[in-house]
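To be precise, the following lines are query_35.csv, and they hold CSV, C-alpha atoms.
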chain,number,residue,atom,x,y,z
M,817,LEU,CA,0.0,0.0,0.0
M,818,ARG,CA,1.4,3.3,-1.0
M,819,ALA,CA,0.3,6.9,-0.7
M,820,VAL,CA,1.5,10.1,-2.4
M,821,CYS,CA,1.7,12.9,0.1
M,822,THR,CA,2.8,16.5,-0.1
M,823,PRO,CA,4.8,18.2,2.8
M,824,SER,CA,1.7,20.2,3.7
M,825,MET,CA,-0.4,17.0,3.8
M,826,ARG,CA,2.1,15.4,6.2
M,827,LYS,CA,2.0,18.3,8.5
M,828,VAL,CA,-1.8,18.4,8.5
M,829,ALA,CA,-1.9,14.6,9.3
M,830,ILE,CA,0.5,15.1,12.2
M,831,ALA,CA,-1.3,18.1,13.5
M,832,SER,CA,-4.6,16.3,13.6
M,833,GLY,CA,-3.2,13.5,15.7
M,834,VAL,CA,-4.7,10.9,13.4
M,835,VAL,CA,-3.0,8.1,11.4
M,836,SER,CA,-1.7,8.9,7.9
M,837,LEU,CA,-0.7,6.8,5.0
M,838,CYS,CA,2.1,9.3,4.5
M,839,LEU,CA,3.9,7.4,7.3
M,840,VAL,CA,3.0,3.8,6.7
M,841,GLY,CA,2.2,1.9,9.8
M,842,ALA,CA,2.3,5.0,12.0
M,843,ILE,CA,0.0,7.7,10.8
M,844,LEU,CA,-3.1,7.6,8.5
M,845,LEU,CA,-4.5,10.7,6.8
M,846,SER,CA,-8.1,11.5,7.8
M,847,SER,CA,-10.7,11.8,5.2
M,848,GLY,CA,-11.7,15.3,6.3
M,849,SER,CA,-10.4,18.4,4.6
M,850,PRO,CA,-7.4,20.1,6.1
M,851,ALA,CA,-9.5,23.1,7.2
M,852,THR,CA,-11.7,20.9,9.5
M,853,MET,CA,-8.8,19.1,11.2
M,854,GLU,CA,-7.9,19.8,14.8
M,855,ALA,CA,-5.4,22.5,15.3
M,856,LEU,CA,-2.0,22.2,17.0
M,857,GLN,CA,-1.7,23.5,20.6
M,858,THR,CA,0.8,26.0,22.0
M,859,THR,CA,2.4,25.5,25.4
M,860,ASP,CA,-0.2,27.7,27.0
M,861,GLY,CA,-3.2,26.0,25.3
M,862,GLN,CA,-3.9,28.2,22.4
M,863,ALA,CA,-4.8,26.8,19.0
M,864,VAL,CA,-2.6,27.1,16.0
M,865,THR,CA,-3.8,26.2,12.5
M,866,THR,CA,-1.5,24.2,10.3
M,867,THR,CA,-1.8,26.8,7.6
M,868,SER,CA,0.1,29.2,9.7
M,869,LEU,CA,3.2,27.1,9.7
M,870,TYR,CA,6.1,28.0,7.4
M,871,LYS,CA,6.8,25.6,4.5
M,872,THR,CA,10.0,25.4,2.6
M,873,GLY,CA,9.8,27.4,-0.6
M,874,GLU,CA,7.9,30.3,0.9
M,875,PRO,CA,9.7,33.7,1.2
M,876,SER,CA,12.1,33.8,4.2
M,877,SER,CA,10.3,37.0,5.2
M,878,ASP,CA,7.3,34.8,6.0
M,879,PHE,CA,9.1,32.7,8.6
M,880,PRO,CA,7.4,33.1,12.0
M,881,LYS,CA,9.0,35.3,14.6
M,882,PRO,CA,10.0,33.8,17.9
M,883,SER,CA,7.1,35.5,19.6
M,884,GLN,CA,4.5,34.1,17.2
M,885,LEU,CA,2.2,31.2,18.1
M,886,ALA,CA,3.6,29.0,15.3
M,887,MET,CA,6.9,28.9,17.2
M,888,LYS,CA,5.4,28.1,20.6
M,889,LEU,CA,4.0,24.7,19.8
M,890,LYS,CA,3.7,22.0,22.5
M,891,SER,CA,5.6,18.9,21.7
M,892,PRO,CA,3.9,15.5,21.8
M,893,LYS,CA,5.1,13.3,24.7
M,894,GLU,CA,7.1,11.2,22.3
M,895,TRP,CA,7.8,11.7,18.6
M,896,LYS,CA,10.3,11.2,15.8
M,897,ALA,CA,11.9,13.7,13.6
M,898,HIS,CA,12.7,12.0,10.3
M,899,ILE,CA,15.5,14.1,8.7
M,900,ASN,CA,16.8,13.4,5.2
M,901,THR,CA,20.3,14.7,4.4
M,902,ASN,CA,22.4,14.7,1.2
M,903,VAL,CA,24.2,11.6,2.7
M,904,GLY,CA,21.2,9.7,3.9
M,905,PRO,CA,18.4,9.8,6.4
M,906,PHE,CA,18.5,9.7,10.2
M,907,THR,CA,15.8,9.8,12.9
M,908,VAL,CA,15.7,11.6,16.2
M,909,LEU,CA,13.5,10.2,18.9
M,910,VAL,CA,12.3,13.0,21.2
M,911,HIS,CA,11.1,12.5,24.8
M,912,ARG,CA,9.3,15.6,26.1
M,913,ASP,CA,9.7,14.5,29.7
M,914,TRP,CA,13.5,14.6,29.4
M,915,ALA,CA,13.5,18.4,28.7
M,916,PRO,CA,10.0,19.9,28.0
M,917,LYS,CA,11.1,23.3,26.9
M,918,GLY,CA,13.8,21.9,24.6
M,919,ALA,CA,11.4,19.4,23.1
M,920,ASP,CA,8.8,22.2,22.5
M,921,ARG,CA,11.3,24.4,20.7
M,922,PHE,CA,12.7,21.6,18.6
M,923,TYR,CA,9.2,20.5,17.6
M,924,SER,CA,8.3,24.1,16.6
M,925,LEU,CA,11.4,24.3,14.5
M,926,VAL,CA,10.9,21.0,12.7
M,927,MET,CA,7.2,21.7,12.1
M,928,ASN,CA,8.2,25.0,10.5
M,929,ASP,CA,10.8,23.4,8.3
M,930,PHE,CA,13.5,25.5,10.0
M,931,TYR,CA,16.3,22.9,9.5
M,932,ASP,CA,15.7,22.4,5.7
M,933,GLY,CA,18.9,23.6,3.9
M,934,GLY,CA,20.9,23.9,7.1
M,935,ARG,CA,24.5,22.7,7.1
M,936,PHE,CA,26.3,20.5,9.6
M,937,PHE,CA,28.8,23.3,10.1
M,938,ARG,CA,30.7,21.9,13.1
M,939,TYR,CA,32.3,18.5,13.2
M,940,ALA,CA,34.5,17.9,16.3
M,941,ASP,CA,35.8,14.4,15.9
M,942,ASN,CA,34.8,12.0,18.7
M,943,PHE,CA,32.9,14.9,20.4
M,944,VAL,CA,29.9,16.4,18.6
M,945,VAL,CA,28.3,17.3,15.2
M,946,GLN,CA,26.5,20.6,15.4
M,947,TRP,CA,23.9,22.3,13.2
M,948,GLY,CA,20.9,24.6,13.5
M,949,LEU,CA,21.7,27.8,11.6
M,950,LYS,CA,19.3,27.9,8.6
M,951,GLY,CA,21.7,29.7,6.3
M,952,GLU,CA,19.2,32.5,5.5
M,953,PRO,CA,20.4,35.7,7.2
M,954,HIS,CA,17.0,37.2,7.8
M,955,ILE,CA,15.9,34.1,9.8
M,956,ASP,CA,19.1,33.4,11.6
M,957,GLU,CA,19.5,37.0,12.7
M,958,MET,CA,16.0,37.0,14.0
M,959,TYR,CA,16.7,34.0,16.1
M,960,GLU,CA,20.0,35.3,17.5
M,961,ASN,CA,18.1,38.0,19.3
M,962,GLY,CA,15.3,37.5,21.7
M,963,ALA,CA,14.6,33.9,20.8
M,964,ASN,CA,16.3,32.1,23.7
M,965,ILE,CA,14.3,29.7,25.9
M,966,GLN,CA,14.8,29.0,29.6
M,967,ASP,CA,16.8,26.0,30.7
M,968,ASP,CA,15.4,22.6,31.6
M,969,SER,CA,16.4,20.8,34.7
M,970,PRO,CA,18.9,18.0,33.6
M,971,LYS,CA,17.5,14.5,33.7
M,972,LYS,CA,19.6,12.6,31.2
M,973,SER,CA,23.3,12.4,30.4
M,974,ASN,CA,25.1,13.4,27.2
M,975,SER,CA,25.9,9.9,26.2
M,976,ALA,CA,26.7,8.9,22.6
M,977,GLY,CA,23.8,9.4,20.2
M,978,ARG,CA,21.8,11.9,22.3
M,979,ILE,CA,20.8,15.3,21.0
M,980,THR,CA,21.1,18.5,22.9
M,981,PHE,CA,20.7,22.3,22.3
M,982,ALA,CA,24.0,24.3,22.1
M,983,THR,CA,24.2,27.2,24.5
M,984,SER,CA,26.4,30.2,25.3
M,985,GLY,CA,25.5,30.2,29.0
M,986,PRO,CA,22.4,29.9,31.1
M,987,ASN,CA,19.0,30.2,29.3
M,988,THR,CA,20.5,30.8,25.9
M,989,ARG,CA,19.1,27.8,23.9
M,990,SER,CA,17.7,29.0,20.5
M,991,THR,CA,18.0,26.9,17.4
M,992,GLN,CA,21.4,25.2,17.3
M,993,VAL,CA,21.7,21.5,18.4
M,994,PHE,CA,24.4,18.9,18.4
M,995,VAL,CA,24.6,15.1,18.5
M,996,ASN,CA,27.1,13.6,20.9
M,997,LEU,CA,29.5,11.3,19.1
M,998,ALA,CA,30.8,9.9,22.4
M,999,ASP,CA,29.9,9.8,26.0
M,1000,ASN,CA,30.3,13.4,26.9
M,1001,THR,CA,29.3,13.2,30.5
M,1002,PHE,CA,31.4,16.2,31.5
M,1003,LEU,CA,28.8,18.4,29.7
M,1004,ASP,CA,26.0,17.3,32.1
M,1005,ASP,CA,26.7,19.9,34.8
M,1006,GLN,CA,27.3,22.7,32.3
M,1007,GLY,CA,23.7,23.2,31.3
M,1008,PHE,CA,23.6,20.9,28.3
M,1009,THR,CA,20.4,18.9,28.7
M,1010,PRO,CA,19.5,16.2,26.1
M,1011,PHE,CA,15.9,16.2,24.8
M,1012,GLY,CA,16.2,13.2,22.5
M,1013,GLU,CA,18.4,10.6,21.0
M,1014,LEU,CA,19.2,9.0,17.6
M,1015,ALA,CA,16.8,6.2,17.0
M,1016,THR,CA,19.2,3.5,15.9
M,1017,ALA,CA,22.9,2.6,15.8
M,1018,GLU,CA,22.7,3.2,12.0
M,1019,ASP,CA,21.7,6.8,12.7
M,1020,LEU,CA,24.8,7.3,14.8
M,1021,ASP,CA,26.9,5.6,12.2
M,1022,LEU,CA,25.7,8.2,9.7
M,1023,PHE,CA,27.1,11.0,11.9
M,1024,LYS,CA,30.4,9.2,12.5
M,1025,ASN,CA,31.1,8.0,9.0
M,1026,LYS,CA,28.9,9.8,6.4
M,1027,ILE,CA,28.4,13.4,7.5
M,1028,ASN,CA,31.4,15.2,5.9
M,1029,ALA,CA,34.1,15.8,8.5
M,1030,GLU,CA,36.7,17.4,6.3
M,1031,TYR,CA,35.9,21.0,7.4
M,1032,GLY,CA,36.1,20.3,11.1
M,1033,GLU,CA,35.3,23.5,13.0
M,1034,LYS,CA,36.5,26.0,10.4
M,1035,ALA,CA,33.2,27.5,9.6
M,1036,ASP,CA,32.6,31.0,11.2
M,1037,GLN,CA,29.2,31.1,12.8
M,1038,ASN,CA,29.0,34.9,12.6
M,1039,ARG,CA,29.5,34.7,8.8
M,1040,ILE,CA,26.9,32.0,8.5
M,1041,ILE,CA,24.4,34.3,10.2
M,1042,SER,CA,25.3,37.4,8.3
M,1043,GLU,CA,26.1,35.9,4.8
M,1044,GLY,CA,24.2,32.6,4.8
M,1045,ASN,CA,24.6,29.5,2.7
M,1046,SER,CA,24.6,31.2,-0.7
M,1047,LEU,CA,27.3,33.8,0.0
M,1048,TYR,CA,29.4,31.9,2.5
M,1049,LEU,CA,29.0,28.2,3.2
M,1050,LYS,CA,28.4,27.0,-0.4
M,1051,LYS,CA,31.5,28.9,-1.6
M,1052,ALA,CA,33.9,28.3,1.2
M,1053,PHE,CA,32.8,24.7,2.1
M,1054,PRO,CA,31.2,23.3,-1.0
M,1055,HIS,CA,31.1,19.7,0.2
M,1056,MET,CA,29.6,20.4,3.6
M,1057,SER,CA,26.8,18.0,4.4
M,1058,TYR,CA,23.3,19.4,4.7
M,1059,ILE,CA,19.6,18.7,5.5
M,1060,LYS,CA,17.2,18.3,2.7
M,1061,THR,CA,13.8,17.7,4.4
M,1062,GLU,CA,12.3,17.0,7.8
M,1063,LYS,CA,9.0,15.6,9.0
M,1064,VAL,CA,7.3,14.5,12.2
M,1065,GLU,CA,5.9,11.2,13.3
M,1066,VAL,CA,4.0,11.3,16.5
M,1067,ILE,CA,4.4,8.2,18.8
M,1068,THR,CA,2.6,9.4,21.9
M,1069,PRO,CA,0.5,12.6,21.6
Give the structure from this file in structure tokens form.
Amino acid sequence: LRAVCTPSMRKVAIASGVVSLCLVGAILLSSGSPATMEALQTTDGQAVTTTSLYKTGEPSSDFPKPSQLAMKLKSPKEWKAHINTNVGPFTVLVHRDWAPKGADRFYSLVMNDFYDGGRFFRYADNFVVQWGLKGEPHIDEMYENGANIQDDSPKKSNSAGRITFATSGPNTRSTQVFVNLADNTFLDDQGFTPFGELATAEDLDLFKNKINAEYGEKADQNRIISEGNSLYLKKAFPHMSYIKTEKVEVITP
């Protein structure tokens, strides 16, 4: 059994909390029209329509501001982010109870296609692989100022395969995340709180052996923010691995 689904259909299916053929065996698309489907909920209980979410291909000027409801979505209790890159797919399994604020922000970012086109701009061998700058200056500059979320109380360790928001100090998580390539337990008491983990050993292998490591930590984050992918990363680091698409599979609403 096979279904053809557009990105907007996938988001509507996920937002409605029903099962969709877009994700065989996990989610089936309801027979109702998108306009009649249940809206997403924000962390304070407000409804958000799926049509208000940003979709790749729309003008970057339309990307929601940090203060808009589309960026304040409440994460399901457990869900998967299926991310396709130019070197293959990987899946992040998110547990909201590990770090609720972090899970909510990551869910909001994925549901708004934030990571599409983003580069894996930092590869620290046997330590972390980091990404989370979109490479579009208008959006990245907007999320560098006034977009930080409060810290979560640490519950899980930064063991290999777990995913965590990058920070520059207390209460500074925004959009950048990293995957631990090793057991980095020394990060646990520095405010780095995992909110999820790679779903399989094969996913971790992609980070260790397929994501391009040749540029190491050479990329300048300030230049990524100010010049983006087109003017900076694509020219200076033409073989840098990147994200193509992202989608959500709800496990436990």
Non-local contacts of Gly1012 (chain M) (9 Å; only C-alpha atoms; under 2 positions in same chain excluded) as a list in words
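Final neighbour list, sorted by chain and number: Val908, Leu909, Val910, His911, Arg912, Trp914, Ala915, Ala919, Gly977, Arg978, Ile979, Thr980, Pro1010, Leu1014 and Ala1015 of chain M.
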Top pick for closest residue to Asn1045 (chain M), considering M:Gly873, M:Pro892, M:Gly951, M:Gly985 and counting only C-alpha atoms:
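Under the stated criterion, the closest residue is M:Gly951.
Of the listed residues (M:Asp932, M:Asp1021, M:Glu960, M:Glu1030), M:Asp932 comes nearest to Thr901 (chain M); the distances count all atoms listed in the file.
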Near-Leu1049 (chain M) list (9 Å; only C-alpha atoms; drop same-chain fewer than 2 positions) as a ChimeraX atom specification
/M:935,937,951,1035,1039-1040,1043-1047,1051-1054,1056
Just-selected residues, C-alpha atoms written as a PDB file, in the coordinates of the input:
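Generated output (out_26.pdb):
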ATOM      1  CA  ARG M 935      24.500  22.700   7.100  1.00  0.00           C
ATOM      2  CA  PHE M 937      28.800  23.300  10.100  1.00  0.00           C
ATOM      3  CA  GLY M 951      21.700  29.700   6.300  1.00  0.00           C
ATOM      4  CA  ALA M1035      33.200  27.500   9.600  1.00  0.00           C
ATOM      5  CA  ARG M1039      29.500  34.700   8.800  1.00  0.00           C
ATOM      6  CA  ILE M1040      26.900  32.000   8.500  1.00  0.00           C
ATOM      7  CA  GLU M1043      26.100  35.900   4.800  1.00  0.00           C
ATOM      8  CA  GLY M1044      24.200  32.600   4.800  1.00  0.00           C
ATOM      9  CA  ASN M1045      24.600  29.500   2.700  1.00  0.00           C
ATOM     10  CA  SER M1046      24.600  31.200  -0.700  1.00  0.00           C
ATOM     11  CA  LEU M1047      27.300  33.800   0.000  1.00  0.00           C
ATOM     12  CA  LYS M1051      31.500  28.900  -1.600  1.00  0.00           C
ATOM     13  CA  ALA M1052      33.900  28.300   1.200  1.00  0.00           C
ATOM     14  CA  PHE M1053      32.800  24.700   2.100  1.00  0.00           C
ATOM     15  CA  PRO M1054      31.200  23.300  -1.000  1.00  0.00           C
ATOM     16  CA  MET M1056      29.600  20.400   3.600  1.00  0.00           C
TER      17      MET M1056
END
Which value, in Å to one decimal, gives the distance between CA of Asp878 (chain M) and CA of Asn928 (chain M)?
10.8 Å
Give as a ChimeraX atom specification the set of residues within 8 Å of the point (15.1, 10.6, 32.4), where distances use the file's coordinates and all atoms listed in the file.
/M:913-914,971-972
Where atoms are missing, can you supply N, CA, C and O atoms for region 890-907 of chain M and output the lot as a CSV table (one decimal), in the frame of the given file?
chain,number,residue,atom,x,y,z
M,890,LYS,N,3.4,23.0,21.5
M,890,LYS,CA,3.7,22.0,22.5
M,890,LYS,C,4.0,20.7,21.9
M,890,LYS,O,3.3,20.2,21.1
M,891,SER,N,5.1,20.2,22.2
M,891,SER,CA,5.6,18.9,21.7
M,891,SER,C,4.7,17.8,22.2
M,891,SER,O,4.3,17.7,23.3
M,892,PRO,N,4.5,16.7,21.3
M,892,PRO,CA,3.9,15.5,21.8
M,892,PRO,C,4.8,14.9,22.9
M,892,PRO,O,6.0,15.2,23.0
M,893,LYS,N,4.3,14.0,23.6
M,893,LYS,CA,5.1,13.3,24.7
M,893,LYS,C,6.3,12.6,24.1
M,893,LYS,O,7.4,12.6,24.7
M,894,GLU,N,6.0,11.9,23.0
M,894,GLU,CA,7.1,11.2,22.3
M,894,GLU,C,6.9,11.3,20.8
M,894,GLU,O,5.8,11.0,20.3
M,895,TRP,N,7.9,11.6,20.1
M,895,TRP,CA,7.8,11.7,18.6
M,895,TRP,C,9.1,11.6,17.9
M,895,TRP,O,10.2,11.6,18.6
M,896,LYS,N,9.0,11.3,16.6
M,896,LYS,CA,10.3,11.2,15.8
M,896,LYS,C,10.4,12.3,14.8
M,896,LYS,O,9.4,12.6,14.2
M,897,ALA,N,11.6,12.8,14.7
M,897,ALA,CA,11.9,13.7,13.6
M,897,ALA,C,12.7,12.9,12.6
M,897,ALA,O,13.8,12.5,12.8
M,898,HIS,N,12.1,12.7,11.4
M,898,HIS,CA,12.7,12.0,10.3
M,898,HIS,C,13.4,13.1,9.4
M,898,HIS,O,12.7,13.9,8.8
M,899,ILE,N,14.7,13.0,9.4
M,899,ILE,CA,15.5,14.1,8.7
M,899,ILE,C,16.3,13.4,7.6
M,899,ILE,O,17.0,12.5,7.8
M,900,ASN,N,16.1,14.0,6.4
M,900,ASN,CA,16.8,13.4,5.2
M,900,ASN,C,17.9,14.4,4.9
M,900,ASN,O,17.7,15.6,4.7
M,901,THR,N,19.1,13.9,4.7
M,901,THR,CA,20.3,14.7,4.4
M,901,THR,C,20.8,14.3,3.0
M,901,THR,O,20.4,13.3,2.4
M,902,ASN,N,21.8,15.0,2.5
M,902,ASN,CA,22.4,14.7,1.2
M,902,ASN,C,23.2,13.4,1.3
M,902,ASN,O,23.7,12.9,0.3
M,903,VAL,N,23.5,12.9,2.5
M,903,VAL,CA,24.2,11.6,2.7
M,903,VAL,C,23.4,10.5,3.3
M,903,VAL,O,23.9,9.5,3.7
M,904,GLY,N,22.1,10.7,3.3
M,904,GLY,CA,21.2,9.7,3.9
M,904,GLY,C,20.3,10.2,5.0
M,904,GLY,O,20.5,11.3,5.5
M,905,PRO,N,19.3,9.4,5.4
M,905,PRO,CA,18.4,9.8,6.4
M,905,PRO,C,18.8,9.4,7.8
M,905,PRO,O,19.6,8.5,8.0
M,906,PHE,N,18.3,10.1,8.8
M,906,PHE,CA,18.5,9.7,10.2
M,906,PHE,C,17.2,10.1,10.9
M,906,PHE,O,16.4,11.0,10.5
M,907,THR,N,17.0,9.5,12.1
M,907,THR,CA,15.8,9.8,12.9
M,907,THR,C,16.2,10.2,14.3
M,907,THR,O,17.0,9.5,14.9
